[in-house]
Structure formats: structure tokens, C-alpha cells
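Asker: As input, take run.pdb (PDB, C-alpha atoms):
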```pdb
ATOM      1  CA  MET A   1     -99.623 -44.987-105.448
ATOM      2  CA  LYS A   2     -98.236 -48.390-106.483
ATOM      3  CA  LEU A   3    -100.656 -48.435-109.422
ATOM      4  CA  LEU A   4     -99.361 -45.037-110.545
ATOM      5  CA  TRP A   5     -95.717 -46.070-109.951
ATOM      6  CA  ASP A   6     -96.114 -48.968-112.404
ATOM      7  CA  SER A   7     -98.211 -47.128-115.025
ATOM      8  CA  ALA A   8     -96.362 -45.490-117.920
ATOM      9  CA  SER A   9     -99.398 -43.407-118.962
ATOM     10  CA  GLY A  10    -100.142 -42.323-115.379
ATOM     11  CA  LEU A  11     -96.528 -41.358-114.790
ATOM     12  CA  LEU A  12     -96.549 -39.452-118.088
ATOM     13  CA  MET A  13     -99.512 -37.273-117.075
ATOM     14  CA  VAL A  14     -98.291 -36.593-113.545
ATOM     15  CA  THR A  15     -94.693 -35.862-114.567
ATOM     16  CA  GLY A  16     -95.725 -33.675-117.498
ATOM     17  CA  GLY A  17     -98.223 -31.756-115.383
ATOM     18  CA  LEU A  18     -95.664 -31.035-112.679
ATOM     19  CA  LEU A  19     -93.093 -30.027-115.310
ATOM     20  CA  GLY A  20     -95.617 -27.616-116.785
ATOM     21  CA  MET A  21     -95.933 -25.820-113.434
ATOM     22  CA  THR A  22     -92.264 -24.815-113.744
ATOM     23  CA  LEU A  23     -93.248 -22.383-116.510
ATOM     24  CA  PRO A  24     -95.617 -20.067-114.603
ATOM     25  CA  PHE A  25     -93.413 -20.264-111.506
ATOM     26  CA  GLY A  26     -90.428 -19.297-113.650
ATOM     27  CA  LYS A  27     -92.250 -16.353-115.178
ATOM     28  CA  LEU A  28     -93.262 -15.041-111.750
ATOM     29  CA  ALA A  29     -89.677 -15.348-110.524
ATOM     30  CA  THR A  30     -88.005 -13.706-113.518
ATOM     31  CA  ALA A  31     -90.626 -10.917-113.478
ATOM     32  CA  ALA A  32     -89.518 -10.217-109.896
ATOM     33  CA  GLY A  33     -85.928  -9.793-111.097
ATOM     34  CA  VAL A  34     -84.540 -13.244-110.302
ATOM     35  CA  PRO A  35     -81.813 -14.099-112.878
ATOM     36  CA  ALA A  36     -82.477 -17.190-114.999
ATOM     37  CA  MET A  37     -79.356 -18.933-113.712
ATOM     38  CA  VAL A  38     -80.354 -18.324-110.085
ATOM     39  CA  TRP A  39     -83.857 -19.725-110.601
ATOM     40  CA  ALA A  40     -82.431 -22.819-112.291
ATOM     41  CA  PHE A  41     -80.145 -23.198-109.239
ATOM     42  CA  VAL A  42     -83.147 -22.939-106.888
ATOM     43  CA  ILE A  43     -84.889 -25.785-108.714
ATOM     44  CA  SER A  44     -81.880 -28.106-108.714
ATOM     45  CA  LEU A  45     -80.847 -27.394-105.125
ATOM     46  CA  GLY A  46     -84.417 -27.583-103.835
ATOM     47  CA  ALA A  47     -85.347 -30.782-105.661
ATOM     48  CA  GLY A  48     -81.993 -32.421-104.917
ATOM     49  CA  GLY A  49     -82.166 -31.496-101.237
ATOM     50  CA  VAL A  50     -85.740 -32.693-100.702
ATOM     51  CA  LEU A  51     -85.126 -35.969-102.529
ATOM     52  CA  LEU A  52     -81.861 -36.517-100.626
ATOM     53  CA  LEU A  53     -83.770 -36.166 -97.359
ATOM     54  CA  ALA A  54     -86.353 -38.675 -98.587
ATOM     55  CA  LEU A  55     -83.580 -41.081 -99.567
ATOM     56  CA  LEU A  56     -81.910 -40.806 -96.162
ATOM     57  CA  LEU A  57     -85.220 -41.306 -94.343
ATOM     58  CA  ARG A  58     -85.599 -44.589 -96.249
ATOM     59  CA  GLY A  59     -82.278 -45.688 -94.792
ATOM     60  CA  GLU A  60     -80.451 -45.506 -98.120
ATOM     61  CA  ARG A  61     -77.217 -43.804 -99.121
ATOM     62  CA  ILE A  62     -75.610 -42.576-102.321
ATOM     63  CA  ARG A  63     -72.616 -44.738-103.087
ATOM     64  CA  LEU A  64     -70.334 -42.776-105.380
ATOM     65  CA  THR A  65     -68.371 -44.442-108.180
ATOM     66  CA  PRO A  66     -66.562 -42.905-111.167
ATOM     67  CA  HIS A  67     -69.419 -44.069-113.415
ATOM     68  CA  LYS A  68     -72.054 -42.454-111.200
ATOM     69  CA  LEU A  69     -70.126 -39.204-110.955
ATOM     70  CA  ARG A  70     -69.875 -39.052-114.735
ATOM     71  CA  TYR A  71     -73.576 -39.808-115.050
ATOM     72  CA  PHE A  72     -74.516 -37.175-112.454
ATOM     73  CA  PHE A  73     -72.581 -34.345-114.072
ATOM     74  CA  VAL A  74     -73.375 -35.145-117.713
ATOM     75  CA  THR A  75     -77.061 -35.493-116.845
ATOM     76  CA  ALA A  76     -76.889 -32.310-114.775
ATOM     77  CA  ALA A  77     -75.514 -30.313-117.683
ATOM     78  CA  ILE A  78     -77.640 -31.508-120.609
ATOM     79  CA  SER A  79     -80.891 -32.369-118.805
ATOM     80  CA  TYR A  80     -81.183 -29.649-116.161
ATOM     81  CA  ALA A  81     -78.680 -26.801-116.069
ATOM     82  CA  VAL A  82     -78.609 -25.931-119.792
ATOM     83  CA  PRO A  83     -82.328 -26.389-120.653
ATOM     84  CA  ASN A  84     -83.463 -24.597-117.482
ATOM     85  CA  LEU A  85     -81.107 -21.696-118.167
ATOM     86  CA  LEU A  86     -82.407 -21.453-121.740
ATOM     87  CA  MET A  87     -86.022 -21.752-120.602
ATOM     88  CA  PHE A  88     -85.928 -19.085-117.916
ATOM     89  CA  SER A  89     -83.998 -16.759-120.207
ATOM     90  CA  ALA A  90     -86.615 -17.156-122.957
ATOM     91  CA  ILE A  91     -89.789 -16.934-120.845
ATOM     92  CA  PRO A  92     -89.736 -13.105-120.425
ATOM     93  CA  HIS A  93     -89.545 -12.745-124.223
ATOM     94  CA  LEU A  94     -91.750 -15.612-125.426
ATOM     95  CA  GLY A  95     -94.227 -16.049-122.579
ATOM     96  CA  ALA A  96     -94.604 -19.057-120.271
ATOM     97  CA  GLY A  97     -97.131 -20.836-122.482
ATOM     98  CA  TYR A  98     -95.190 -20.408-125.702
ATOM     99  CA  THR A  99     -91.877 -21.435-124.128
ATOM    100  CA  GLY A 100     -93.551 -24.565-122.790
ATOM    101  CA  ILE A 101     -94.665 -25.530-126.277
ATOM    102  CA  MET A 102     -90.980 -25.790-127.228
ATOM    103  CA  PHE A 103     -90.966 -28.952-125.081
ATOM    104  CA  THR A 104     -93.177 -30.600-127.676
ATOM    105  CA  LEU A 105     -90.307 -30.804-130.141
ATOM    106  CA  SER A 106     -88.353 -33.024-127.754
ATOM    107  CA  PRO A 107     -90.067 -36.311-128.795
ATOM    108  CA  VAL A 108     -89.147 -35.869-132.447
ATOM    109  CA  ILE A 109     -85.503 -35.091-131.653
ATOM    110  CA  THR A 110     -85.405 -37.901-129.086
ATOM    111  CA  LEU A 111     -86.718 -40.303-131.714
ATOM    112  CA  VAL A 112     -83.981 -39.260-134.147
ATOM    113  CA  PHE A 113     -81.270 -39.689-131.489
ATOM    114  CA  SER A 114     -82.732 -43.053-130.420
ATOM    115  CA  ILE A 115     -82.742 -44.382-133.979
ATOM    116  CA  LEU A 116     -79.172 -43.212-134.594
ATOM    117  CA  LEU A 117     -77.946 -44.840-131.376
ATOM    118  CA  GLY A 118     -80.026 -48.010-131.631
ATOM    119  CA  VAL A 119     -82.039 -47.308-128.466
ATOM    120  CA  ARG A 120     -85.720 -48.284-128.198
ATOM    121  CA  ARG A 121     -87.877 -47.428-131.244
ATOM    122  CA  PRO A 122     -91.629 -46.763-131.164
ATOM    123  CA  ASN A 123     -94.077 -48.777-133.278
ATOM    124  CA  LEU A 124     -95.837 -47.297-136.335
ATOM    125  CA  LEU A 125     -98.704 -45.830-134.293
ATOM    126  CA  GLY A 126     -96.170 -44.243-131.972
ATOM    127  CA  VAL A 127     -94.437 -42.581-134.919
ATOM    128  CA  VAL A 128     -97.821 -41.310-136.140
ATOM    129  CA  GLY A 129     -98.521 -39.821-132.711
ATOM    130  CA  ILE A 130     -95.168 -38.084-132.620
ATOM    131  CA  ALA A 131     -95.710 -36.757-136.153
ATOM    132  CA  VAL A 132     -99.155 -35.394-135.235
ATOM    133  CA  GLY A 133     -97.702 -33.668-132.210
ATOM    134  CA  PHE A 134     -94.894 -32.237-134.306
ATOM    135  CA  VAL A 135     -97.348 -30.715-136.805
ATOM    136  CA  GLY A 136     -99.082 -28.976-133.920
ATOM    137  CA  ALA A 137     -95.752 -27.752-132.589
ATOM    138  CA  VAL A 138     -94.799 -26.252-135.963
ATOM    139  CA  MET A 139     -98.124 -24.404-136.102
ATOM    140  CA  VAL A 140     -97.473 -22.950-132.670
ATOM    141  CA  ALA A 141     -93.860 -22.002-133.445
ATOM    142  CA  LEU A 142     -94.970 -19.943-136.452
ATOM    143  CA  THR A 143     -96.926 -17.600-134.166
ATOM    144  CA  ARG A 144     -93.719 -16.440-132.375
ATOM    145  CA  GLY A 145     -95.056 -16.006-128.861
ATOM    146  CA  GLU A 146     -97.875 -13.888-127.477
ATOM    147  CA  ALA A 147    -100.331 -12.354-129.941
ATOM    148  CA  SER A 148     -99.645  -8.768-128.849
ATOM    149  CA  GLN A 149     -95.848  -8.932-128.944
ATOM    150  CA  PRO A 150     -94.230 -11.380-131.419
ATOM    151  CA  ALA A 151     -90.725 -12.253-130.249
ATOM    152  CA  ASP A 152     -87.479 -11.753-132.150
ATOM    153  CA  TYR A 153     -86.309 -14.804-134.046
ATOM    154  CA  PHE A 154     -83.236 -14.881-131.776
ATOM    155  CA  TRP A 155     -85.409 -15.805-128.798
ATOM    156  CA  VAL A 156     -87.356 -18.307-130.866
ATOM    157  CA  ALA A 157     -84.005 -19.912-131.722
ATOM    158  CA  ILE A 158     -83.037 -19.947-128.038
ATOM    159  CA  GLY A 159     -86.337 -21.662-127.298
ATOM    160  CA  LEU A 160     -85.671 -24.246-129.990
ATOM    161  CA  LEU A 161     -82.415 -25.225-128.291
ATOM    162  CA  ILE A 162     -84.395 -26.371-125.237
ATOM    163  CA  PRO A 163     -85.785 -29.575-126.843
ATOM    164  CA  VAL A 164     -82.406 -30.401-128.392
ATOM    165  CA  SER A 165     -80.777 -30.439-124.953
ATOM    166  CA  LEU A 166     -83.714 -32.330-123.419
ATOM    167  CA  ALA A 167     -83.646 -34.963-126.164
ATOM    168  CA  ALA A 168     -79.914 -35.539-125.693
ATOM    169  CA  GLY A 169     -80.551 -36.014-121.985
ATOM    170  CA  ASN A 170     -83.442 -38.432-122.585
ATOM    171  CA  VAL A 171     -81.238 -40.769-124.586
ATOM    172  CA  TYR A 172     -78.075 -40.372-122.506
ATOM    173  CA  ARG A 173     -79.811 -41.269-119.232
ATOM    174  CA  THR A 174     -80.980 -44.570-120.725
ATOM    175  CA  VAL A 175     -77.741 -45.459-122.510
ATOM    176  CA  ASP A 176     -75.464 -44.761-119.542
ATOM    177  CA  TRP A 177     -77.785 -45.631-116.599
ATOM    178  CA  PRO A 178     -75.491 -46.969-113.798
ATOM    179  CA  GLN A 179     -76.196 -50.615-113.061
ATOM    180  CA  GLY A 180     -77.869 -51.342-109.732
ATOM    181  CA  THR A 181     -78.934 -47.728-109.154
ATOM    182  CA  GLY A 182     -82.511 -46.618-108.488
ATOM    183  CA  PRO A 183     -84.322 -43.571-109.869
ATOM    184  CA  ILE A 184     -84.382 -41.513-106.652
ATOM    185  CA  GLU A 185     -80.625 -41.835-106.154
ATOM    186  CA  LEU A 186     -80.023 -40.727-109.737
ATOM    187  CA  ALA A 187     -82.359 -37.773-109.330
ATOM    188  CA  VAL A 188     -80.578 -36.669-106.143
ATOM    189  CA  GLY A 189     -77.075 -36.962-107.564
ATOM    190  CA  SER A 190     -77.937 -35.292-110.873
ATOM    191  CA  HIS A 191     -79.705 -32.346-109.268
ATOM    192  CA  LEU A 192     -77.017 -31.700-106.701
ATOM    193  CA  ALA A 193     -74.451 -31.844-109.508
ATOM    194  CA  SER A 194     -76.567 -29.370-111.490
ATOM    195  CA  ALA A 195     -76.783 -27.063-108.466
ATOM    196  CA  THR A 196     -72.987 -27.211-108.139
ATOM    197  CA  LEU A 197     -72.439 -26.285-111.792
ATOM    198  CA  LEU A 198     -74.958 -23.453-111.626
ATOM    199  CA  LEU A 199     -73.542 -22.090-108.364
ATOM    200  CA  ILE A 200     -70.088 -21.905-109.930
ATOM    201  CA  GLY A 201     -71.589 -20.038-112.869
ATOM    202  CA  ILE A 202     -73.528 -17.625-110.647
ATOM    203  CA  LEU A 203     -70.553 -16.774-108.442
ATOM    204  CA  GLY A 204     -68.247 -16.417-111.435
ATOM    205  CA  LEU A 205     -70.561 -14.367-113.679
ATOM    206  CA  LEU A 206     -73.120 -12.630-111.458
ATOM    207  CA  GLY A 207     -71.777 -12.535-107.909
ATOM    208  CA  THR A 208     -73.591 -13.143-104.623
ATOM    209  CA  GLN A 209     -75.883 -10.132-105.146
ATOM    210  CA  ALA A 210     -77.731 -12.187-107.771
ATOM    211  CA  PHE A 211     -79.488 -14.047-104.929
ATOM    212  CA  ALA A 212     -81.032 -10.880-103.439
ATOM    213  CA  PRO A 213     -84.249 -10.899-105.563
ATOM    214  CA  LEU A 214     -85.189 -14.316-104.116
ATOM    215  CA  GLY A 215     -86.348 -12.527-100.959
ATOM    216  CA  ALA A 216     -89.299 -11.098-102.894
ATOM    217  CA  VAL A 217     -90.744 -14.468-103.972
ATOM    218  CA  PRO A 218     -90.710 -16.856-100.962
ATOM    219  CA  LEU A 219     -94.062 -18.486-101.800
ATOM    220  CA  VAL A 220     -93.046 -18.994-105.418
ATOM    221  CA  ILE A 221     -89.855 -20.705-104.213
ATOM    222  CA  ILE A 222     -91.850 -23.047-101.959
ATOM    223  CA  GLY A 223     -94.282 -23.931-104.750
ATOM    224  CA  GLN A 224     -91.485 -24.467-107.262
ATOM    225  CA  VAL A 225     -89.374 -26.653-104.982
ATOM    226  CA  ALA A 226     -92.396 -28.766-103.982
ATOM    227  CA  SER A 227     -93.523 -29.364-107.570
ATOM    228  CA  ALA A 228     -89.982 -29.959-108.849
ATOM    229  CA  SER A 229     -89.219 -32.484-106.093
ATOM    230  CA  ALA A 230     -92.356 -34.459-106.840
ATOM    231  CA  MET A 231     -91.804 -34.222-110.583
ATOM    232  CA  PHE A 232     -88.267 -35.593-110.542
ATOM    233  CA  ALA A 233     -89.215 -38.464-108.235
ATOM    234  CA  PHE A 234     -91.640 -39.601-110.953
ATOM    235  CA  PHE A 235     -89.357 -38.519-113.815
ATOM    236  CA  PHE A 236     -86.687 -41.194-113.382
ATOM    237  CA  ARG A 237     -89.326 -43.864-112.736
ATOM    238  CA  LEU A 238     -90.992 -42.947-116.033
ATOM    239  CA  GLN A 239     -87.557 -43.204-117.697
ATOM    240  CA  ALA A 240     -87.269 -46.810-116.502
ATOM    241  CA  VAL A 241     -90.858 -47.865-117.238
ATOM    242  CA  GLY A 242     -91.452 -46.089-120.538
ATOM    243  CA  GLY A 243     -88.040 -45.580-122.149
ATOM    244  CA  PRO A 244     -86.568 -42.369-123.601
ATOM    245  CA  VAL A 245     -88.993 -41.799-126.500
ATOM    246  CA  TYR A 246     -92.098 -42.291-124.345
ATOM    247  CA  LEU A 247     -90.548 -40.139-121.598
ATOM    248  CA  SER A 248     -90.136 -37.294-124.061
ATOM    249  CA  GLN A 249     -93.939 -37.065-124.351
ATOM    250  CA  ILE A 250     -94.019 -35.187-121.025
ATOM    251  CA  GLY A 251     -93.238 -32.119-123.139
ATOM    252  CA  TYR A 252     -96.712 -32.323-124.690
ATOM    253  CA  VAL A 253     -98.411 -32.395-121.288
ATOM    254  CA  ALA A 254     -96.145 -29.663-119.897
ATOM    255  CA  ALA A 255     -96.869 -27.451-122.899
ATOM    256  CA  ALA A 256    -100.616 -27.725-122.378
ATOM    257  CA  VAL A 257    -100.301 -26.931-118.663
ATOM    258  CA  GLY A 258     -98.005 -23.972-119.355
ATOM    259  CA  LEU A 259    -100.293 -22.603-122.063
ATOM    260  CA  PHE A 260    -103.419 -22.724-119.917
ATOM    261  CA  ALA A 261    -101.629 -21.444-116.794
ATOM    262  CA  GLY A 262    -100.145 -18.538-118.730
ATOM    263  CA  THR A 263    -103.546 -17.609-120.150
ATOM    264  CA  LEU A 264    -105.662 -18.059-117.026
ATOM    265  CA  PHE A 265    -103.287 -16.781-114.339
ATOM    266  CA  LEU A 266    -100.594 -14.647-115.991
ATOM    267  CA  GLY A 267    -102.654 -12.649-118.473
ATOM    268  CA  GLU A 268    -100.968 -14.036-121.597
ATOM    269  CA  HIS A 269    -102.856 -14.005-124.908
ATOM    270  CA  TYR A 270    -102.209 -16.267-127.895
ATOM    271  CA  GLN A 271    -103.455 -16.451-131.473
ATOM    272  CA  LEU A 272    -106.084 -18.925-132.636
ATOM    273  CA  LEU A 273    -103.352 -20.792-134.533
ATOM    274  CA  THR A 274    -101.502 -21.305-131.233
ATOM    275  CA  TRP A 275    -104.553 -22.886-129.619
ATOM    276  CA  LEU A 276    -105.259 -25.036-132.675
ATOM    277  CA  GLY A 277    -101.683 -26.269-132.610
ATOM    278  CA  ALA A 278    -102.007 -27.044-128.899
ATOM    279  CA  ALA A 279    -105.134 -29.106-129.607
ATOM    280  CA  ILE A 280    -103.293 -31.096-132.295
ATOM    281  CA  ILE A 281    -100.422 -31.646-129.848
ATOM    282  CA  THR A 282    -102.911 -33.053-127.327
ATOM    283  CA  ALA A 283    -104.166 -35.485-129.991
ATOM    284  CA  GLY A 284    -100.567 -36.597-130.457
ATOM    285  CA  VAL A 285    -100.314 -37.422-126.744
ATOM    286  CA  PHE A 286    -103.363 -39.690-126.875
ATOM    287  CA  ILE A 287    -102.086 -41.480-129.980
ATOM    288  CA  THR A 288     -98.657 -42.176-128.483
ATOM    289  CA  THR A 289    -100.256 -43.341-125.226
ATOM    290  CA  LYS A 290    -102.419 -45.759-127.223
ATOM    291  CA  ALA A 291     -99.331 -46.945-129.110
ATOM    292  CA  GLN A 292     -97.557 -47.635-125.815
ATOM    293  CA  SER A 293    -100.410 -49.832-124.586
ATOM    294  CA  GLN A 294    -100.597 -51.725-127.902
ATOM    295  CA  ALA A 295     -96.872 -52.400-127.913
ATOM    296  CA  GLY A 296     -97.024 -53.648-124.363
ATOM    297  CA  ALA A 297     -95.314 -51.637-121.706
ATOM    298  CA  PRO A 298     -92.118 -53.109-120.318
ATOM    299  CA  ALA A 299     -92.510 -55.082-117.123
ATOM    300  CA  PRO A 300     -92.248 -52.684-114.196
ATOM    301  CA  ALA A 301     -89.370 -53.019-111.780
ATOM    302  CA  ARG A 302     -89.583 -52.835-108.022
ATOM    303  CA  ILE A 303     -87.380 -50.212-106.418
ATOM    304  CA  GLU A 304     -85.294 -52.151-103.933
ATOM    305  CA  PRO A 305     -82.466 -51.078-101.608
ATOM    306  CA  ALA A 306     -79.303 -50.206-103.481
ATOM    307  CA  SER A 307     -77.609 -53.518-102.818
ATOM    308  CA  SER A 308     -80.332 -55.507-104.572
ATOM    309  CA  ARG A 309     -81.588 -53.216-107.333
ATOM    310  CA  ALA A 310     -81.778 -54.523-110.874
ATOM    311  CA  ASP A 311     -80.361 -52.540-113.740
ATOM    312  CA  PRO A 312     -83.244 -50.298-114.980
ATOM    313  CA  ARG A 313     -81.934 -50.647-118.507
ATOM    314  CA  THR A 314     -83.223 -54.209-118.519
ATOM    315  CA  LEU A 315     -86.674 -52.651-118.751
ATOM    316  CA  GLU A 316     -85.912 -51.528-122.304
ATOM    317  CA  THR A 317     -87.366 -53.694-125.063
TER     318      THR A 317
END
```
So that I can check it, write out the structure of this file as C-alpha cells.

Answerer:
Amino acid sequence: MKLLWDSASGLLMVTGGLLGMTLPFGKLATAAGVPAMVWAFVISLGAGGVLLLALLLRGERIRLTPHKLRYFFVTAAISYAVPNLLMFSAIPHLGAGYTGIMFTLSPVITLVFSILLGVRRPNLLGVVGIAVGFVGAVMVALTRGEASQPADYFWVAIGLLIPVSLAAGNVYRTVDWPQGTGPIELAVGSHLASATLLLIGILGLLGTQAFAPLGAVPLVIIGQVASASAMFAFFFRLQAVGGPVYLSQIGYVAAAVGLFAGTLFLGEHYQLLTWLGAAIITAGVFITTKAQSQAGAPAPARIEPASSRADPRTLET
């Protein structure tokens, strides 16, 4: 586990794979009548609750400050609440696999934001990898969802907003990372803040009856909460070890997992161009991983008790 915890490429594959599982789980839930906002709430509350328990069992506490509160709620909005709401709204129209491929646009947008804000830049090989992945993503986007039922351009546009929100979150979390705070604490605070925002939205717009369909999918809830909790534990560690641009590559892995899961288990069918684009995206992942190793990954940080933690931003080079 320590080897994985300090490996940017290992964290990338594990985090992206777990993120990809959100797509088929989300399709099963929305097909059972669970509103998109409610399912996003389930993920944030479940992941935040499980990780909070893990934090408490380690003898640690969340020490609130104005900076942390700002970080929690901004991260909650742009990294979790908004993209999850968009994703689960789009899945019934685009398919789980196709919606997942929207994640692959996140690295390109993250790169643009990083350059504009002066955050970490990839080397030339890294840019090539991102460009290759982007070409594959464009090929996939042109197919507009499942082969048998092309989606309206409105839902394609909704899907395209997902990587914009994710990219903004990737950069913000690095730029404003609270000093002396570890990844698990940030994951807990951000998810509980997201659950709070979503609960307010559910009660204000949908009412308590919106929770009723959850009773039909108890096993899906368990699977989703388990995978989301594990994913976000690794997610913030990958943020510290790899930086925002490298972190954004999880979209490539998640897209591949969502595409195969949708095809094998949910009966989705996609055009040959979709699969060719997915293959090109996979090539982009390998190129960017190679670029990361050539550039030299930042020295990993040990996760210490809150009183002695180093600022994860010092890992940026």
C-alpha cells in the first residue's frame, strides 16, 4: 500500500478506475427513478461519512478555520456538486460510457487553466499525450452517444460542461490548498460541504419525497459509497503527488472503465468511431504517464498528524 501511496502512475490508475465505476452505478440509480441531485448527495454524504469515520479512528480531528471553510465549500461546488449533478442528469440521455468520455476533456482544460494561472506545466511529451487524448475525445464526441439513439446537442453541451467544472476544481484545489492539512481531512470536509449544498437544493426544489426511490437500489448505494470512499481517499493524495494536470488524467481511465462497463453490463452499444477514439485516448494516458516519469515525479510526502503536516503545495515543481 505504501508503494501505491507514493506512486503517481499507480494512484492514477486506481483513482481513475474507481471514478469510472460511478458511471454504471449512476445509470442504475437514475434508471430506478433516483433524481440526479439525490444520487450526487448519496455519493458526497457516503464518501464524506466513511472518510470521517476513518479519520476519527486514526485519532485525528478536523480543525476548522475560515480558510478551510472556504476551501471546503468552493471545492464542494465546482469539484463535486456541480459536475455530479451534470453527469447524472446526462447519463440517461448519453449513456454511461459516453458520459464518461466527457471526462477526457478535463486534462486539456486543466492545462489551459494551469498555464493561465502559472501552476505546474507539463513537459513537451506530456503536452503530446494530452493532445493525443484530446483527438480521441473529439472523435468520440462526434458520435453523440449510443449508436442506436444519438442524443440532442443540448445534452452533449451539458456533458461538455462536466470537464470545465472538473478542470476548475483541479486547479483551485492546488492553488488554495490549506497549509498543514492532509488529503483525507480535505476530502472529508469537501464532501460533507457538498452534501450540505445538495441537501439544501433537494429540500428546496424536490422535497423529501425525492429520497423515496433510494429504497429500490440498496445494493447500488452500498457499491457506490464503497467505491467513492476509496476513490476520494486516493484522489487527494494523487493531487499532492502528481499535481493538477497529471490528476486530470483520471478522466481517461474513468472513460475507459465507463465505456466497457456500459457495454458489457448495461447493454449499451457504440459506433466503431467511439471505440477507435477510446483506443486513442488510452494511448494518450500511456504517453502522459511516460512524460511524468521522465520529468521526475515530485518527492512524495508522508501524511502526518495534523499538527506536523507539511504543506502539500510544496510538492509542486

Asker: Could you list, as a PyMOL selection string, every residue within 10 Å of Leu198 (chain A), counting all atoms listed in the file and ignoring same-chain residues fewer than 5 positions away?

Answerer: chain A and resi 37-42+44-45+76-77+80-82+85+192-193+203-204

Asker: How many Å separate CA of Phe211 (chain A) from CA of Pro35 (chain A)?

Answerer: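 Interatomic distance, CA of Phe211 (chain A) to CA of Pro35 (chain A): 8.3 Å.
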
Asker: Between CA of Phe236 (chain A) and CA of Leu186 (chain A), what is the distance in Å, rounded to a tenth?

Answerer: 7.6 Å

Asker: What is the distance, in Å and to one decimal place, between CA of Phe286 (chain A) and CA of Val14 (chain A)?

Answerer: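 It comes out at 14.6 Å.
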
Asker: Which one of A:Val175, A:Ala216, A:Leu4, A:Leu272 sits closest to Gly118 (chain A) if you count only C-alpha atoms?

Answerer: A:Val175

Asker: Residues at most 10 Å from Pro83 (chain A), counting all atoms listed in the file, excluding those fewer than 2 positions away in the same chain, as a ChimeraX atom specification?

Answerer: /A:40,76-81,85-89,158-159,161-166,169

Asker: I need the residue nearest Gly20 (chain A) from this list: A:Leu69, A:Ala96, A:Ile222, A:Ile184. Use only C-alpha atoms for the distance.

Answerer: A:Ala96

Asker: Within 10 Å of region 132-142 of chain A, counting only C-alpha atoms, which residues qualify if same-chain residues fewer than 4 places away don't, as a PyMOL selection string?

Answerer: chain A and resi 98-99+101-108+126-128+150+156+159-160+249+252+255+270-288

Asker: Run the PyMOL selection byres ((chain A and resi 266) around 12) mentally over the shown coordinates, then write out the matched residues as a list of chain:residue names, using the chain letters and numbers from the document.

Answerer: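 On this input, the PyMOL selection byres ((chain A and resi 266) around 12) captures A:Leu23, A:Pro24, A:Phe25, A:Gly26, A:Lys27, A:Leu28, A:Ala31, A:Pro92, A:Gly95, A:Ala96, A:Gly97, A:Glu146, A:Gly258, A:Leu259, A:Phe260, A:Ala261, A:Gly262, A:Thr263, A:Leu264, A:Phe265, A:Gly267, A:Glu268, A:His269.
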
Asker: Which residues would end up in the selection if the PyMOL selection byres ((chain A and resi 174) around 8) were applied here, given that I need the answer as a list of chain:residue names?

Answerer: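 On the file shown, the PyMOL selection byres ((chain A and resi 174) around 8) covers A:Asn170, A:Val171, A:Tyr172, A:Arg173, A:Val175, A:Asp176, A:Trp177, A:Gln239, A:Ala240, A:Gly243, A:Pro244, A:Arg313.
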
Asker: Which one of A:Ala187, A:Tyr246, A:Pro213, A:Met231 sits closest to Leu51 (chain A) if you count all atoms listed in the file?

Answerer: A:Ala187

Asker: For a quick check of understanding, using all atoms listed in the file, which of A:Gly242, A:Gly207, A:Gly223, A:Gly251 has the smallest distance to Gly46 (chain A)?

Answerer: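 Selected residue with least distance to Gly46 (chain A): A:Gly223.
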
Asker: Pick the closest to Gln209 (chain A) from A:Val74, A:Ala47, A:Val34, A:Leu56: which is it, counting all atoms listed in the file?

Answerer: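 Using all atoms listed in the file, Gln209 (chain A) sits closest to A:Val34.
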
Asker: Find the residue from A:Leu199, A:Val257, A:Ala157, A:Val188 that sits nearest to Lys68 (chain A); use all atoms listed in the file when measuring.

Answerer: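 Of A:Leu199, A:Val257, A:Ala157, A:Val188, the one nearest Lys68 (chain A), counting all atoms listed in the file, is A:Val188.
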
Asker: Which polymer residues have any atom within 8 Å of an atom of Ser227 (chain A), counting all atoms listed in the file, with same-chain residues fewer than 2 positions away left out, as a PyMOL selection string?

Answerer: chain A and resi 18-19+21-22+223-225+229-231
